Amino acid sequence: MTPEVLLVFVLAAVAVIVGVRWLAARTGLPAAAILPVVGIVYALLPGPNIALEPEIILTFVLPPLLYSAALDSSLLAIRRNMRIVVSLSVILVLLTALVAGLGFHLFVAGATLAAGAAVGAAIAPPDPVAALAVGRRVGLPPRLVTIIQGEGLLNDATALTILSFAAAAAVGEEFSVPRAIGQFLLAAAGGALVGAAVAYAVRLLRPLGKDPLMANAISLATPFVAYLLGEELHVSGVLAVVIAGLIVGHHTPRSSSGASRLQTSAVWRLVDFLLEGFVFLLIGQQLPEVIRNLREYHTSTVVIAVAIAVGATLLIRPLWLALTQLLPRSLHTRLGSESGKREEKLGGREVVALSWAGTRGVISLAAVFTLPLVTDSGAPFPDRDLLLFCTFVVVLVTLVGQGLTFTPLVRLLGLRANEVDEARIRNEARSASVRAALDRLDEIDHEDHDDLDTQAIEVMRAQLEHRLHRYQGRLDLLQSSDSPEIPVSPRYEAALRIRRAAIDAQRAELLRWRDAGTLPDESLRRLERELDHEERLLPERTS
């Protein structure tokens with residue numbers, strides 16, 4: 001593929017991603033489910049295709065996606081739900097790989113336990129992108145969002161480690177269960193230490209983070225540094241990226257300037273948008289090649305193998321979730337939390353929602369494509385093409401099937417975050433922050449200062465007291481509401497509407513000055529940026 005053709009292909013892919021995003025916003029369908037379908041349609045048409053290169057995905061795509069997700073996650077919330085997160089991201093992945101391996105070994109002609117475990121490891125880790133996109137849009141409760149996030153961040157390291165052991169056993173290398181467990185624990189612990197070390201190094205660069213451009217450069221480089229360092233030390237590079245992202249995200253409010261945070265957040269949203277779009281398109285484009293390689297298999301063998309893979313994916317997860325919630329309440333302790341506290345059990349509706357949130361994605365395909373072509377003896381890797389096809393079907397069934405039905409399921413279950421409580425907490429925090437500022441002004445007022453300082457203090461105090469009065473009014477309205485929906489304050493809505501109209505008028509006047517040749521473009525951009533930041537502070541909805 002020539003550079004010109006590649007450029008046209010990339011531009012066309014961007015156009016498709018933007019179009020699908022527009023369609024998803026208007027139909028409520030998840031873009032992550034639509035894009036693979038578009039990729040399949042394109043793959044069936046004449047024209048160039050891009051093959052999925054596992055090393056490219058694992059090295060250049062996976063680290064930034066995982067790091068961005070970790071930055072947006074809550075380290076404290078994951079700690080509070082650590083028991084169920086570990087249960088899903090480690091134990092459930094191991095169980096899925098084992099059941100799939102046994103199923104292939106017992107029911108698929110000629111299949112080995114190691115080969116079956118390899119495909120089981122590939123299909124075990126859910127990709128939470130589609131589920132989280134839908135969950136946030138329909139207002140999924142914060143605890144479920146945290147569990148889905150935590151599972152998606154940690155399960156990739158488990159799955160890739162299991163896959164490497166299973167593949168090694170399949171090609172004829174000596175395999176030992178105790179040795180495999182030891183290597184797994186070493187890889188996990190080493191990955192966590194590498195991630196913590198990288199996060200500490202980022203904190204040492206905190207003075208550079210005050211500059212938005214430097215902060216962006218450091219942030220974009222961090223996931224690749226963590227991944228490469230982890231792989232170089234033969235530990236889990238994936239886990240290193242996740243741990244680094246969680247720690248950096250936890251300390252970012254203290255270690256970076258407001259301008260840096262705004263710009264870095266915008267950059268990562270763009271990176272997520274483009275990378276996720278490309279990988280989901282790429283998933284669909286692999287279908288024709290995967291199907292062509294199935295000619296040597298009998299139809300019944302393919303059907304049985306697919307049934308085992310899909311069955312293991314769809315059935316083990318709800319069974320495991322239900323089983324873990326049936327444990328005695330005394331066993332529901334919070335790992336990493338205060339001693340003696342119990343983690344609240346999941347309800348039946350929450351178990352159903354989490355069961356249907358197990359969409360698989362590009363990680364599964366990238367993982368299974370890393371299986372070697374031949375064994376140590378030079379023979380072809382056992383049933384490699386069949387394993388690829390099974391993984392592809394699982395990805396499509398979960399990504400499209402579960403992705404398209406997750407929204408109506410959540411609505412049918414009636415699972416919604418308590419928006420009033422969330423808004424109340426936000427307004428209480430706003431009020432507390434303003435009171436802290438007023439207390440600081442009182443301290444400054446008692447220090448030695450001149451008349452200019454006194455005037456500035458009084459102006460600032462008046463502004464803060466007005467803001468506090470507004471927040472208190474919102475709190476009174478929220479506390480008096482009996483509805484689970486955030487109540488609408490006509491006065492508050494009118495104030496927002498008038499402020500937006502005023503900003504629009506200011507912006508139009510600046511453009512008139514520019515068009516008349518009075519205001520240079522550089523000055524226009526600076527003044528527009530001031531208005532943009534002011535507009536950015538206005539809430540999109542009443543909260």
# chains A, B, ... in the order shown; residues from 1 in each chain; ligands from 1

$ residues_around --residues "stretch 68-72 of chain A" --least-positions-apart "4" --cutoff "8 Å" --atoms "only C-alpha atoms" --output "list in words"
Pro64, Gln149, Leu153, Val242, Ile243, Gly245, Leu246, Val248, Gly249, His250, Trp268 and Asp272 of chain A

$ write_last_selection --atoms "all heavy atoms" --output "tab-separated table (two decimals), in the first residue's frame"
chain	number	residue	atom	x	y	z
A	64	PRO	N	-1.99	3.62	25.20
A	64	PRO	CA	-2.70	4.90	25.40
A	64	PRO	C	-4.15	4.73	25.78
A	64	PRO	O	-4.68	5.52	26.57
A	64	PRO	CB	-2.55	5.60	24.04
A	64	PRO	CG	-2.20	4.54	23.07
A	64	PRO	CD	-1.45	3.51	23.83
A	149	GLN	N	-15.08	-0.32	34.97
A	149	GLN	CA	-13.79	0.30	34.70
A	149	GLN	C	-12.65	-0.52	35.29
A	149	GLN	O	-11.65	-0.81	34.61
A	149	GLN	CB	-13.75	1.71	35.30
A	149	GLN	CG	-14.39	2.78	34.44
A	149	GLN	CD	-14.26	4.14	35.09
A	149	GLN	OE1	-14.30	4.28	36.31
A	149	GLN	NE2	-14.12	5.18	34.29
A	153	LEU	N	-9.63	-2.48	33.28
A	153	LEU	CA	-8.24	-2.05	33.40
A	153	LEU	C	-7.31	-3.19	33.78
A	153	LEU	O	-6.16	-3.24	33.34
A	153	LEU	CB	-8.14	-0.94	34.46
A	153	LEU	CG	-8.73	0.41	34.09
A	153	LEU	CD1	-8.72	1.34	35.30
A	153	LEU	CD2	-7.98	1.04	32.93
A	242	VAL	N	-1.53	0.56	33.53
A	242	VAL	CA	-2.75	0.79	34.33
A	242	VAL	C	-2.40	1.41	35.69
A	242	VAL	O	-3.02	2.40	36.11
A	242	VAL	CB	-3.52	-0.53	34.52
A	242	VAL	CG1	-4.63	-0.35	35.55
A	242	VAL	CG2	-4.08	-1.00	33.19
A	243	ILE	N	-1.43	0.84	36.38
A	243	ILE	CA	-1.05	1.35	37.70
A	243	ILE	C	-0.51	2.77	37.59
A	243	ILE	O	-0.85	3.65	38.40
A	243	ILE	CB	-0.02	0.43	38.37
A	243	ILE	CG1	-0.62	-0.97	38.60
A	243	ILE	CG2	0.46	1.02	39.68
A	243	ILE	CD1	-1.84	-0.98	39.48
A	245	GLY	N	-1.30	4.98	35.32
A	245	GLY	CA	-2.43	5.86	35.04
A	245	GLY	C	-3.28	6.13	36.27
A	245	GLY	O	-3.71	7.27	36.50
A	246	LEU	N	-3.53	5.10	37.07
A	246	LEU	CA	-4.34	5.28	38.28
A	246	LEU	C	-3.65	6.23	39.27
A	246	LEU	O	-4.29	7.12	39.84
A	246	LEU	CB	-4.60	3.94	38.95
A	246	LEU	CG	-5.61	3.02	38.26
A	246	LEU	CD1	-5.62	1.64	38.93
A	246	LEU	CD2	-7.01	3.62	38.31
A	248	VAL	N	-1.13	8.46	38.65
A	248	VAL	CA	-0.99	9.80	38.08
A	248	VAL	C	-2.33	10.53	38.10
A	248	VAL	O	-2.43	11.71	38.46
A	248	VAL	CB	-0.43	9.74	36.64
A	248	VAL	CG1	-0.52	11.10	35.97
A	248	VAL	CG2	1.01	9.25	36.66
A	249	GLY	N	-3.41	9.82	37.72
A	249	GLY	CA	-4.73	10.44	37.73
A	249	GLY	C	-5.16	10.86	39.12
A	249	GLY	O	-5.81	11.89	39.29
A	250	HIS	N	-4.77	10.08	40.14
A	250	HIS	CA	-5.12	10.40	41.51
A	250	HIS	C	-4.41	11.66	41.99
A	250	HIS	O	-4.96	12.46	42.76
A	250	HIS	CB	-4.77	9.22	42.42
A	250	HIS	CG	-5.14	9.41	43.85
A	250	HIS	ND1	-6.45	9.39	44.29
A	250	HIS	CD2	-4.37	9.64	44.96
A	250	HIS	CE1	-6.48	9.60	45.60
A	250	HIS	NE2	-5.24	9.75	46.03
A	268	TRP	N	-6.50	13.84	25.34
A	268	TRP	CA	-6.80	12.42	25.56
A	268	TRP	C	-8.19	12.05	25.04
A	268	TRP	O	-8.39	10.93	24.57
A	268	TRP	CB	-6.69	12.06	27.04
A	268	TRP	CG	-5.27	11.78	27.44
A	268	TRP	CD1	-4.49	12.47	28.30
A	268	TRP	CD2	-4.45	10.70	26.96
A	268	TRP	NE1	-3.23	11.92	28.39
A	268	TRP	CE2	-3.19	10.82	27.58
A	268	TRP	CE3	-4.65	9.66	26.06
A	268	TRP	CZ2	-2.15	9.93	27.33
A	268	TRP	CZ3	-3.61	8.76	25.82
A	268	TRP	CH2	-2.39	8.92	26.45
A	272	ASP	N	-8.60	9.02	22.40
A	272	ASP	CA	-9.56	7.93	22.61
A	272	ASP	C	-10.52	7.82	21.44
A	272	ASP	O	-10.79	6.71	20.94
A	272	ASP	CB	-10.37	8.19	23.89
A	272	ASP	CG	-9.57	7.92	25.13
A	272	ASP	OD1	-8.50	7.30	25.02
A	272	ASP	OD2	-10.00	8.33	26.23

$ residues_around --residues "stretch 506-514 of chain A" --least-positions-apart "4" --cutoff "10 Å" --atoms "only C-alpha atoms" --output "CSV table (one decimal) with N, CA and C atoms, in the first residue's frame"
chain,number,residue,atom,x,y,z
A,500,ARG,N,-25.0,32.9,28.5
A,500,ARG,CA,-24.6,32.3,27.2
A,500,ARG,C,-24.9,33.4,26.1
A,501,ALA,N,-26.1,34.0,26.2
A,501,ALA,CA,-26.4,35.0,25.2
A,501,ALA,C,-25.4,36.2,25.2
A,502,ALA,N,-25.0,36.6,26.4
A,502,ALA,CA,-24.0,37.6,26.6
A,502,ALA,C,-22.7,37.2,26.0
A,518,THR,N,-9.7,46.1,12.6
A,518,THR,CA,-9.3,46.8,13.8
A,518,THR,C,-8.6,45.9,14.7
A,519,LEU,N,-9.0,44.7,14.8
A,519,LEU,CA,-8.4,43.7,15.8
A,519,LEU,C,-7.6,42.7,15.1
A,520,PRO,N,-6.3,42.6,15.4
A,520,PRO,CA,-5.5,41.5,14.7
A,520,PRO,C,-6.0,40.1,15.1
A,521,ASP,N,-5.7,39.1,14.2
A,521,ASP,CA,-6.2,37.8,14.5
A,521,ASP,C,-5.6,37.2,15.8
A,522,GLU,N,-4.3,37.5,16.0
A,522,GLU,CA,-3.7,37.0,17.2
A,522,GLU,C,-4.4,37.5,18.5
A,523,SER,N,-4.8,38.8,18.5
A,523,SER,CA,-5.5,39.3,19.6
A,523,SER,C,-6.9,38.7,19.7
A,524,LEU,N,-7.6,38.5,18.5
A,524,LEU,CA,-8.9,37.8,18.5
A,524,LEU,C,-8.8,36.5,19.2
A,525,ARG,N,-7.8,35.7,18.8
A,525,ARG,CA,-7.7,34.3,19.4
A,525,ARG,C,-7.5,34.4,20.9
A,527,LEU,N,-8.5,36.8,23.0
A,527,LEU,CA,-9.8,37.2,23.6
A,527,LEU,C,-10.9,36.1,23.5
A,528,GLU,N,-10.9,35.4,22.4
A,528,GLU,CA,-11.8,34.3,22.2
A,528,GLU,C,-11.5,33.2,23.3
A,531,LEU,N,-13.1,34.0,26.5
A,531,LEU,CA,-14.6,33.7,26.5
A,531,LEU,C,-14.8,32.2,26.4
A,532,ASP,N,-14.0,31.5,25.7
A,532,ASP,CA,-14.2,30.0,25.7
A,532,ASP,C,-14.0,29.4,27.1

$ atom_distance --atom1 "atom CA of A:Leu321" --atom2 "atom CA of A:Ile84"
8.8 Å

$ closest_residue --among "A:Val410, A:Ile283, A:Leu294, A:Val394" --to "A:Pro54" --atoms "only C-alpha atoms"
A:Ile283

$ residues_around --residues "stretch 4-18 of chain A" --least-positions-apart "5" --cutoff "8 Å" --atoms "only C-alpha atoms" --output "PyMOL selection string"
chain A and resi 35+274+277-278+281

$ residues_around --residues "A:Trp320" --least-positions-apart "5" --cutoff "10 Å" --atoms "only C-alpha atoms" --output "list in words"
Ser87, Leu88, Ile91, Leu92, Leu95, Thr96, Leu315, Gln325, Leu326, Val351 and Ser355 of chain A

$ write_last_selection --atoms "all heavy atoms" --output "compact mmCIF listing (two decimals), in the first residue's frame"
# COMPACT_ATOMS: atom_id res chain seq x y z
N SER A 87 -12.14 -10.31 41.63
CA SER A 87 -12.91 -11.51 41.29
C SER A 87 -13.17 -11.58 39.78
O SER A 87 -13.05 -12.65 39.17
CB SER A 87 -14.24 -11.48 42.05
OG SER A 87 -15.14 -12.47 41.55
N LEU A 88 -13.51 -10.44 39.17
CA LEU A 88 -13.84 -10.44 37.74
C LEU A 88 -12.59 -10.38 36.87
O LEU A 88 -12.56 -11.01 35.80
CB LEU A 88 -14.74 -9.25 37.43
CG LEU A 88 -16.15 -9.27 38.03
CD1 LEU A 88 -16.88 -7.97 37.74
CD2 LEU A 88 -16.95 -10.45 37.50
N ILE A 91 -9.91 -13.95 38.76
CA ILE A 91 -10.47 -15.29 38.93
C ILE A 91 -11.40 -15.66 37.76
O ILE A 91 -11.33 -16.77 37.24
CB ILE A 91 -11.23 -15.38 40.27
CG1 ILE A 91 -10.29 -15.04 41.43
CG2 ILE A 91 -11.81 -16.78 40.46
CD1 ILE A 91 -10.95 -15.03 42.78
N LEU A 92 -12.27 -14.73 37.35
CA LEU A 92 -13.19 -15.04 36.25
C LEU A 92 -12.44 -15.26 34.95
O LEU A 92 -12.81 -16.13 34.15
CB LEU A 92 -14.20 -13.91 36.08
CG LEU A 92 -15.23 -14.09 34.95
CD1 LEU A 92 -16.02 -15.38 35.15
CD2 LEU A 92 -16.17 -12.90 34.88
N LEU A 95 -11.00 -18.73 35.17
CA LEU A 95 -12.08 -19.72 35.05
C LEU A 95 -12.55 -19.84 33.60
O LEU A 95 -12.77 -20.95 33.11
CB LEU A 95 -13.24 -19.31 35.97
CG LEU A 95 -14.38 -20.31 36.11
CD1 LEU A 95 -13.88 -21.61 36.72
CD2 LEU A 95 -15.50 -19.73 36.97
N THR A 96 -12.71 -18.72 32.91
CA THR A 96 -13.15 -18.75 31.52
C THR A 96 -12.14 -19.48 30.65
O THR A 96 -12.50 -20.29 29.78
CB THR A 96 -13.35 -17.32 31.00
OG1 THR A 96 -14.29 -16.64 31.83
CG2 THR A 96 -13.87 -17.33 29.57
N LEU A 315 -22.13 -17.51 29.44
CA LEU A 315 -22.73 -18.21 30.58
C LEU A 315 -21.90 -18.14 31.86
O LEU A 315 -22.45 -18.04 32.95
CB LEU A 315 -22.97 -19.68 30.21
CG LEU A 315 -23.96 -19.93 29.06
CD1 LEU A 315 -24.08 -21.42 28.78
CD2 LEU A 315 -25.33 -19.34 29.40
N GLN A 325 -22.17 -13.58 44.86
CA GLN A 325 -23.10 -12.82 45.69
C GLN A 325 -23.85 -13.71 46.68
O GLN A 325 -24.50 -13.21 47.60
CB GLN A 325 -24.10 -12.06 44.82
CG GLN A 325 -23.47 -11.04 43.90
CD GLN A 325 -22.48 -10.14 44.62
OE1 GLN A 325 -22.83 -9.48 45.60
NE2 GLN A 325 -21.24 -10.11 44.14
N LEU A 326 -23.76 -15.04 46.48
CA LEU A 326 -24.40 -15.96 47.40
C LEU A 326 -23.51 -16.32 48.58
O LEU A 326 -23.95 -17.00 49.51
CB LEU A 326 -24.79 -17.25 46.67
CG LEU A 326 -25.89 -17.11 45.61
CD1 LEU A 326 -26.11 -18.43 44.89
CD2 LEU A 326 -27.19 -16.63 46.24
N VAL A 351 -26.46 -7.51 39.11
CA VAL A 351 -25.80 -8.70 38.56
C VAL A 351 -26.16 -8.88 37.09
O VAL A 351 -25.29 -9.19 36.25
CB VAL A 351 -26.20 -9.96 39.38
CG1 VAL A 351 -25.76 -11.23 38.65
CG2 VAL A 351 -25.58 -9.90 40.77
N SER A 355 -23.54 -8.68 34.07
CA SER A 355 -23.41 -9.87 33.22
C SER A 355 -23.46 -9.49 31.75
O SER A 355 -22.74 -10.06 30.92
CB SER A 355 -24.53 -10.86 33.53
OG SER A 355 -24.47 -11.30 34.87

$ closest_residue --among "A:Thr112, A:Asn293, A:Ser236, A:Ser219" --to "A:Thr252" --atoms "only C-alpha atoms"
A:Ser219

$ residues_around --residues "A:Ala157" --least-positions-apart "3" --cutoff "9 Å" --atoms "only C-alpha atoms" --output "ChimeraX atom specification"
/A:89-90,153-154,160-162,187-188,236-239

$ write_last_selection --atoms "N, CA, C and O atoms" --output "JSON list (two decimals), in the first residue's frame"
[["chain", "number", "residue", "atom", "x", "y", "z"],
["A", 89, "SER", "N", -11.59, -9.63, 37.29],
["A", 89, "SER", "CA", -10.43, -9.40, 36.41],
["A", 89, "SER", "C", -9.36, -10.48, 36.53],
["A", 89, "SER", "O", -8.49, -10.57, 35.66],
["A", 90, "VAL", "N", -9.40, -11.28, 37.58],
["A", 90, "VAL", "CA", -8.40, -12.34, 37.73],
["A", 90, "VAL", "C", -9.06, -13.72, 37.75],
["A", 90, "VAL", "O", -8.83, -14.55, 36.88],
["A", 153, "LEU", "N", -9.63, -2.48, 33.28],
["A", 153, "LEU", "CA", -8.24, -2.05, 33.40],
["A", 153, "LEU", "C", -7.31, -3.19, 33.78],
["A", 153, "LEU", "O", -6.16, -3.24, 33.34],
["A", 154, "LEU", "N", -7.79, -4.12, 34.61],
["A", 154, "LEU", "CA", -6.91, -5.13, 35.18],
["A", 154, "LEU", "C", -6.97, -6.49, 34.49],
["A", 154, "LEU", "O", -6.05, -7.29, 34.63],
["A", 160, "LEU", "N", -3.50, -11.81, 29.00],
["A", 160, "LEU", "CA", -2.30, -11.92, 28.16],
["A", 160, "LEU", "C", -1.26, -12.84, 28.80],
["A", 160, "LEU", "O", -0.54, -13.56, 28.09],
["A", 161, "THR", "N", -1.19, -12.83, 30.13],
["A", 161, "THR", "CA", -0.24, -13.72, 30.81],
["A", 161, "THR", "C", -0.66, -15.17, 30.65],
["A", 161, "THR", "O", 0.16, -16.05, 30.33],
["A", 162, "ILE", "N", -1.95, -15.47, 30.84],
["A", 162, "ILE", "CA", -2.45, -16.83, 30.66],
["A", 162, "ILE", "C", -2.24, -17.28, 29.22],
["A", 162, "ILE", "O", -1.84, -18.44, 28.96],
["A", 187, "ALA", "N", 5.00, -11.50, 37.33],
["A", 187, "ALA", "CA", 4.68, -10.53, 36.28],
["A", 187, "ALA", "C", 3.73, -9.45, 36.80],
["A", 187, "ALA", "O", 3.89, -8.27, 36.49],
["A", 188, "ALA", "N", 2.74, -9.87, 37.62],
["A", 188, "ALA", "CA", 1.79, -8.90, 38.15],
["A", 188, "ALA", "C", 2.45, -7.96, 39.15],
["A", 188, "ALA", "O", 2.29, -6.73, 39.06],
["A", 236, "SER", "N", 4.57, -7.51, 33.50],
["A", 236, "SER", "CA", 3.38, -7.11, 32.76],
["A", 236, "SER", "C", 3.42, -5.62, 32.41],
["A", 236, "SER", "O", 3.19, -4.76, 33.25],
["A", 237, "GLY", "N", 3.71, -5.33, 31.13],
["A", 237, "GLY", "CA", 3.69, -3.95, 30.68],
["A", 237, "GLY", "C", 2.30, -3.35, 30.72],
["A", 237, "GLY", "O", 2.13, -2.15, 30.98],
["A", 238, "VAL", "N", 1.29, -4.20, 30.47],
["A", 238, "VAL", "CA", -0.10, -3.72, 30.51],
["A", 238, "VAL", "C", -0.46, -3.24, 31.91],
["A", 238, "VAL", "O", -1.03, -2.16, 32.10],
["A", 239, "LEU", "N", -0.13, -4.05, 32.92],
["A", 239, "LEU", "CA", -0.43, -3.67, 34.30],
["A", 239, "LEU", "C", 0.37, -2.44, 34.71],
["A", 239, "LEU", "O", -0.11, -1.60, 35.47]]

$ select_by_dssp --residues "stretch 54-156 of chain A" --states "helix (DSSP H, G or I)" --output "ChimeraX atom specification"
/A:54-71,75-80,82-107,113-123,129-138,142-156

$ residues_around --residues "A:Asn49" --least-positions-apart "2" --cutoff "12 Å" --atoms "only C-alpha atoms" --output "ChimeraX atom specification"
/A:1,5-6,8-10,13,39-47,51-52,281-289

$ residues_around --residues "A:Arg461" --least-positions-apart "4" --cutoff "8 Å" --atoms "only C-alpha atoms" --output "JSON, numbers by chain"
{"A": [438, 441, 457, 465]}

$ write_last_selection --atoms "N, CA and C atoms" --output "mmCIF file, in the first residue's frame"
data_model
loop_
_atom_site.group_PDB
_atom_site.id
_atom_site.type_symbol
_atom_site.label_atom_id
_atom_site.label_comp_id
_atom_site.auth_asym_id
_atom_site.auth_seq_id
_atom_site.Cartn_x
_atom_site.Cartn_y
_atom_site.Cartn_z
ATOM 1 N N LEU A 438 -13.327 32.029 51.670
ATOM 2 C CA LEU A 438 -13.707 33.143 52.543
ATOM 3 C C LEU A 438 -12.878 33.145 53.822
ATOM 4 N N LEU A 441 -9.584 34.588 53.004
ATOM 5 C CA LEU A 441 -9.670 36.044 52.887
ATOM 6 C C LEU A 441 -9.653 36.706 54.268
ATOM 7 N N ILE A 457 -9.852 42.673 48.596
ATOM 8 C CA ILE A 457 -10.441 41.666 49.484
ATOM 9 C C ILE A 457 -11.957 41.818 49.526
ATOM 10 N N GLU A 465 -19.338 35.475 48.303
ATOM 11 C CA GLU A 465 -20.596 35.377 49.039
ATOM 12 C C GLU A 465 -21.786 35.250 48.099
#

$ closest_residue --among "A:Ser480, A:Gln402, A:Ser489, A:Ser364" --to "A:Asn155" --atoms "only C-alpha atoms"
A:Ser364

$ closest_residue --among "A:Arg424, A:Arg349, A:Ser164, A:Val225" --to "A:Ala367" --atoms "only C-alpha atoms"
A:Ser164

$ closest_residue --among "A:Gly258, A:Gly414, A:Ser73, A:Tyr297" --to "A:Asp211" --atoms "only C-alpha atoms"
A:Gly258

$ decode --residues "stretch 181-193 of chain A" --atoms "N, CA, C and O atoms" --output "mmCIF file, in the first residue's frame"
data_model
loop_
_atom_site.group_PDB
_atom_site.id
_atom_site.type_symbol
_atom_site.label_atom_id
_atom_site.label_comp_id
_atom_site.auth_asym_id
_atom_site.auth_seq_id
_atom_site.Cartn_x
_atom_site.Cartn_y
_atom_site.Cartn_z
ATOM 1 N N ILE A 181 2.109 -20.297 37.930
ATOM 2 C CA ILE A 181 1.543 -19.430 38.972
ATOM 3 C C ILE A 181 2.594 -18.461 39.485
ATOM 4 O O ILE A 181 2.337 -17.261 39.667
ATOM 5 N N GLY A 182 3.793 -18.968 39.696
ATOM 6 C CA GLY A 182 4.868 -18.105 40.161
ATOM 7 C C GLY A 182 5.191 -17.011 39.157
ATOM 8 O O GLY A 182 5.393 -15.846 39.525
ATOM 9 N N GLN A 183 5.268 -17.372 37.880
ATOM 10 C CA GLN A 183 5.553 -16.382 36.847
ATOM 11 C C GLN A 183 4.430 -15.347 36.754
ATOM 12 O O GLN A 183 4.693 -14.163 36.533
ATOM 13 N N PHE A 184 3.198 -15.823 36.927
ATOM 14 C CA PHE A 184 2.064 -14.890 36.883
ATOM 15 C C PHE A 184 2.155 -13.874 38.019
ATOM 16 O O PHE A 184 1.994 -12.667 37.806
ATOM 17 N N LEU A 185 2.407 -14.353 39.228
ATOM 18 C CA LEU A 185 2.512 -13.453 40.372
ATOM 19 C C LEU A 185 3.690 -12.499 40.216
ATOM 20 O O LEU A 185 3.596 -11.307 40.561
ATOM 21 N N LEU A 186 4.801 -13.022 39.680
ATOM 22 C CA LEU A 186 5.974 -12.171 39.466
ATOM 23 C C LEU A 186 5.678 -11.096 38.427
ATOM 24 O O LEU A 186 6.046 -9.920 38.608
ATOM 25 N N ALA A 187 5.002 -11.499 37.333
ATOM 26 C CA ALA A 187 4.678 -10.526 36.284
ATOM 27 C C ALA A 187 3.733 -9.453 36.805
ATOM 28 O O ALA A 187 3.887 -8.265 36.490
ATOM 29 N N ALA A 188 2.742 -9.870 37.618
ATOM 30 C CA ALA A 188 1.786 -8.900 38.151
ATOM 31 C C ALA A 188 2.452 -7.958 39.147
ATOM 32 O O ALA A 188 2.290 -6.732 39.064
ATOM 33 N N ALA A 189 3.202 -8.522 40.086
ATOM 34 C CA ALA A 189 3.868 -7.676 41.083
ATOM 35 C C ALA A 189 4.894 -6.760 40.427
ATOM 36 O O ALA A 189 4.985 -5.563 40.754
ATOM 37 N N GLY A 190 5.646 -7.317 39.485
ATOM 38 C CA GLY A 190 6.640 -6.500 38.788
ATOM 39 C C GLY A 190 5.992 -5.386 37.978
ATOM 40 O O GLY A 190 6.477 -4.250 37.962
ATOM 41 N N GLY A 191 4.885 -5.695 37.311
ATOM 42 C CA GLY A 191 4.180 -4.674 36.543
ATOM 43 C C GLY A 191 3.662 -3.558 37.431
ATOM 44 O O GLY A 191 3.747 -2.369 37.082
ATOM 45 N N ALA A 192 3.126 -3.931 38.600
ATOM 46 C CA ALA A 192 2.634 -2.919 39.530
ATOM 47 C C ALA A 192 3.774 -2.023 40.025
ATOM 48 O O ALA A 192 3.625 -0.798 40.122
ATOM 49 N N LEU A 193 4.935 -2.621 40.325
ATOM 50 C CA LEU A 193 6.072 -1.831 40.788
ATOM 51 C C LEU A 193 6.589 -0.898 39.697
ATOM 52 O O LEU A 193 6.930 0.263 39.965
#
